[in-house]
Amino acid sequence: MRPFTGPDGVSHDNQIQTPKYEYQLYLRYNLESATQLGFGGGWIKGAGDVVNHQSLNDKLNTRYLRLSAAHFFTTAFQTELSLGRDLSVEQGFKQDSFLSVRLGYLF
């Protein structure tokens, strides 16, 4: 697609991006009052570019799964471990697997 340039040398293209949506489902189970296990997944879609009313066919389409475990060591200090992977990815980088550790202090 060639950009339209007017007689003044300025491009008169019109570019917009469609909205991005993320849908999530997450289930959590309390093993005890201080320890939780979680399982979930999600779907990210949208954010495609449109130039001069023509789609560039670059919308996101990602499906993923996540597992997590969280534990309160004290009433204020929590740690969480998360594992996950992307199941399918269109337009972007695929995470074959990831691990994250989060430490939290409530005050």
# chains A, B, ... in the order shown; residues from 1 in each chain; ligands from 1
$ residues_around --residues "Leu31 of chain A" --least-positions-apart "5" --cutoff "10 Å" --atoms "only C-alpha atoms" --output "PyMOL selection string"
chain A and resi 36-37+71
$ write_last_selection --atoms "C-alpha atoms" --output "short mmCIF file (atom, residue, chain, number, x, y, z; two decimals), in the first residue's frame"
data_model
loop_
_atom_site.label_atom_id
_atom_site.label_comp_id
_atom_site.auth_asym_id
_atom_site.auth_seq_id
_atom_site.Cartn_x
_atom_site.Cartn_y
_atom_site.Cartn_z
CA GLN A 36 -3.65 -20.99 47.74
CA LEU A 37 -3.28 -22.84 44.44
CA HIS A 71 1.64 -18.52 50.61
#
$ select_by_dssp --residues "segment 33-100 of chain A" --states "strand (DSSP E or B)" --output "count of residues only"
47
$ closest_residue --among "A:Asn57, A:Asn30, A:Gln17, A:Ser88" --to "Trp43 of chain A" --atoms "only C-alpha atoms"
A:Ser88
$ closest_residue --among "A:Val89, A:Asp13, A:Leu106, A:Phe77" --to "Val51 of chain A" --atoms "only C-alpha atoms"
A:Asp13
$ closest_residue --among "A:Leu83, A:Leu25, A:Ala76, A:Val50" --to "Asp96 of chain A" --atoms "only C-alpha atoms"
A:Leu83
$ residues_around --residues "Thr74 of chain A" --least-positions-apart "4" --cutoff "12 Å" --atoms "only C-alpha atoms" --output "mmCIF file with N, CA and C atoms, in the first residue's frame"
data_model
loop_
_atom_site.group_PDB
_atom_site.id
_atom_site.type_symbol
_atom_site.label_atom_id
_atom_site.label_comp_id
_atom_site.auth_asym_id
_atom_site.auth_seq_id
_atom_site.Cartn_x
_atom_site.Cartn_y
_atom_site.Cartn_z
ATOM 1 N N SER A 33 -5.640 -21.568 55.230
ATOM 2 C CA SER A 33 -5.897 -20.130 55.230
ATOM 3 C C SER A 33 -4.731 -19.314 54.660
ATOM 4 N N ALA A 34 -3.507 -19.829 54.705
ATOM 5 C CA ALA A 34 -2.349 -19.073 54.237
ATOM 6 C C ALA A 34 -1.832 -19.531 52.873
ATOM 7 N N THR A 35 -2.369 -20.610 52.309
ATOM 8 C CA THR A 35 -1.829 -21.166 51.070
ATOM 9 C C THR A 35 -2.935 -21.363 50.046
ATOM 10 N N GLN A 78 3.840 -12.113 51.778
ATOM 11 C CA GLN A 78 3.356 -13.164 50.890
ATOM 12 C C GLN A 78 4.346 -13.388 49.755
ATOM 13 N N THR A 79 4.444 -14.624 49.302
ATOM 14 C CA THR A 79 5.202 -14.941 48.098
ATOM 15 C C THR A 79 4.291 -15.719 47.154
ATOM 16 N N GLY A 104 5.427 -10.000 48.224
ATOM 17 C CA GLY A 104 4.547 -8.897 48.590
ATOM 18 C C GLY A 104 4.548 -8.648 50.087
ATOM 19 N N TYR A 105 4.497 -7.371 50.428
ATOM 20 C CA TYR A 105 4.400 -6.992 51.836
ATOM 21 C C TYR A 105 3.210 -6.056 51.981
ATOM 22 N N LEU A 106 2.253 -6.439 52.778
ATOM 23 C CA LEU A 106 1.068 -5.621 53.012
ATOM 24 C C LEU A 106 1.306 -4.684 54.177
#
$ residues_around --residues "Phe93 of chain A" --least-positions-apart "5" --cutoff "12 Å" --atoms "only C-alpha atoms" --output "ChimeraX atom specification"
/A:60-62,85-88
$ write_last_selection --atoms "N, CA and C atoms" --output "PDB file, in the first residue's frame"
ATOM      1  N   LEU A  60      -3.789  -9.133  17.160  1.00  0.00           N
ATOM      2  CA  LEU A  60      -3.288 -10.089  18.141  1.00  0.00           C
ATOM      3  C   LEU A  60      -4.295 -11.219  18.316  1.00  0.00           C
ATOM      4  N   ASN A  61      -3.791 -12.406  18.578  1.00  0.00           N
ATOM      5  CA  ASN A  61      -4.644 -13.547  18.889  1.00  0.00           C
ATOM      6  C   ASN A  61      -3.789 -14.535  19.677  1.00  0.00           C
ATOM      7  N   THR A  62      -3.828 -14.428  21.006  1.00  0.00           N
ATOM      8  CA  THR A  62      -2.975 -15.236  21.880  1.00  0.00           C
ATOM      9  C   THR A  62      -3.837 -15.956  22.907  1.00  0.00           C
ATOM     10  N   ARG A  85       2.486 -20.820  30.035  1.00  0.00           N
ATOM     11  CA  ARG A  85       2.943 -20.936  28.658  1.00  0.00           C
ATOM     12  C   ARG A  85       1.852 -20.428  27.722  1.00  0.00           C
ATOM     13  N   ASP A  86       2.292 -19.935  26.582  1.00  0.00           N
ATOM     14  CA  ASP A  86       1.357 -19.539  25.537  1.00  0.00           C
ATOM     15  C   ASP A  86       1.022 -20.772  24.708  1.00  0.00           C
ATOM     16  N   LEU A  87      -0.269 -20.988  24.486  1.00  0.00           N
ATOM     17  CA  LEU A  87      -0.704 -22.125  23.680  1.00  0.00           C
ATOM     18  C   LEU A  87      -0.638 -21.816  22.190  1.00  0.00           C
ATOM     19  N   SER A  88      -1.064 -20.624  21.825  1.00  0.00           N
ATOM     20  CA  SER A  88      -1.010 -20.202  20.427  1.00  0.00           C
ATOM     21  C   SER A  88      -0.829 -18.690  20.375  1.00  0.00           C
TER      22      SER A  88
END
$ atom_distance --atom1 "atom CA of Leu65 of chain A" --atom2 "atom CA of Asp49 of chain A"
26.6 Å
$ atom_distance --atom1 "atom CA of Ser100 of chain A" --atom2 "atom CA of Ile44 of chain A"
19.8 Å
$ atom_distance --atom1 "atom CA of Leu27 of chain A" --atom2 "atom CA of Thr75 of chain A"
22.7 Å
$ closest_residue --among "A:Gln54, A:Lys45, A:Phe73, A:Phe39" --to "Glu22 of chain A" --atoms "only C-alpha atoms"
A:Lys45
$ residues_around --residues "Ser55 of chain A" --least-positions-apart "2" --cutoff "12 Å" --atoms "only C-alpha atoms" --output "JSON list (two decimals) with C-alpha atoms, in the first residue's frame"
[["chain", "number", "residue", "atom", "x", "y", "z"],
["A", 1, "MET", "CA", 0.00, 0.00, 0.00],
["A", 14, "ASN", "CA", -5.36, 7.83, 8.14],
["A", 15, "GLN", "CA", -4.24, 5.16, 10.61],
["A", 16, "ILE", "CA", -6.27, 3.79, 13.52],
["A", 17, "GLN", "CA", -5.92, 0.79, 15.80],
["A", 18, "THR", "CA", -8.82, -1.43, 16.79],
["A", 46, "GLY", "CA", -7.60, -7.24, 18.75],
["A", 47, "ALA", "CA", -5.26, -4.23, 18.43],
["A", 48, "GLY", "CA", -5.10, -4.48, 14.63],
["A", 49, "ASP", "CA", -3.97, -1.59, 12.48],
["A", 50, "VAL", "CA", -6.20, -0.04, 9.81],
["A", 51, "VAL", "CA", -4.69, 2.38, 7.28],
["A", 52, "ASN", "CA", -6.98, 4.28, 4.92],
["A", 53, "HIS", "CA", -9.86, 1.95, 5.83],
["A", 57, "ASN", "CA", -4.30, -8.12, 9.10],
["A", 58, "ASP", "CA", -2.02, -7.80, 12.12],
["A", 59, "LYS", "CA", -4.48, -8.38, 14.98]]
$ decode --residues "segment 21-41 of chain A" --atoms "N, CA and C atoms" --output "short mmCIF file (atom, residue, chain, number, x, y, z; two decimals), in the first residue's frame"
data_model
loop_
_atom_site.label_atom_id
_atom_site.label_comp_id
_atom_site.auth_asym_id
_atom_site.auth_seq_id
_atom_site.Cartn_x
_atom_site.Cartn_y
_atom_site.Cartn_z
N TYR A 21 -8.67 -6.57 23.50
CA TYR A 21 -9.47 -7.19 24.55
C TYR A 21 -8.71 -8.36 25.14
N GLU A 22 -8.89 -8.57 26.45
CA GLU A 22 -8.32 -9.74 27.11
C GLU A 22 -9.39 -10.37 27.97
N TYR A 23 -9.60 -11.66 27.76
CA TYR A 23 -10.58 -12.43 28.54
C TYR A 23 -9.80 -13.41 29.41
N GLN A 24 -10.18 -13.50 30.68
CA GLN A 24 -9.46 -14.36 31.61
C GLN A 24 -10.44 -15.21 32.41
N LEU A 25 -9.99 -16.42 32.73
CA LEU A 25 -10.70 -17.30 33.65
C LEU A 25 -9.66 -17.81 34.63
N TYR A 26 -9.93 -17.66 35.92
CA TYR A 26 -8.95 -18.04 36.92
C TYR A 26 -9.68 -18.67 38.10
N LEU A 27 -9.25 -19.84 38.50
CA LEU A 27 -9.83 -20.54 39.64
C LEU A 27 -8.77 -20.67 40.73
N ARG A 28 -9.17 -20.44 41.97
CA ARG A 28 -8.24 -20.52 43.08
C ARG A 28 -8.81 -21.43 44.15
N TYR A 29 -7.95 -22.24 44.74
CA TYR A 29 -8.36 -23.16 45.79
C TYR A 29 -7.48 -22.92 47.01
N ASN A 30 -8.13 -22.73 48.17
CA ASN A 30 -7.40 -22.52 49.41
C ASN A 30 -7.08 -23.87 50.05
N LEU A 31 -5.80 -24.23 50.07
CA LEU A 31 -5.38 -25.45 50.76
C LEU A 31 -5.54 -25.29 52.26
N GLU A 32 -5.17 -24.12 52.73
CA GLU A 32 -5.37 -23.70 54.12
C GLU A 32 -5.48 -22.19 54.09
N SER A 33 -5.64 -21.57 55.23
CA SER A 33 -5.90 -20.13 55.23
C SER A 33 -4.73 -19.31 54.66
N ALA A 34 -3.51 -19.83 54.70
CA ALA A 34 -2.35 -19.07 54.24
C ALA A 34 -1.83 -19.53 52.87
N THR A 35 -2.37 -20.61 52.31
CA THR A 35 -1.83 -21.17 51.07
C THR A 35 -2.93 -21.36 50.05
N GLN A 36 -2.69 -20.86 48.83
CA GLN A 36 -3.65 -20.99 47.74
C GLN A 36 -2.95 -21.56 46.50
N LEU A 37 -3.70 -22.36 45.75
CA LEU A 37 -3.28 -22.84 44.44
C LEU A 37 -4.22 -22.27 43.40
N GLY A 38 -3.70 -21.94 42.24
CA GLY A 38 -4.55 -21.36 41.21
C GLY A 38 -4.27 -21.95 39.84
N PHE A 39 -5.28 -21.89 39.00
CA PHE A 39 -5.19 -22.37 37.62
C PHE A 39 -6.04 -21.44 36.77
N GLY A 40 -5.53 -21.09 35.61
CA GLY A 40 -6.33 -20.23 34.76
C GLY A 40 -5.79 -20.13 33.36
N GLY A 41 -6.47 -19.35 32.58
CA GLY A 41 -6.06 -19.13 31.21
C GLY A 41 -6.69 -17.87 30.68
#
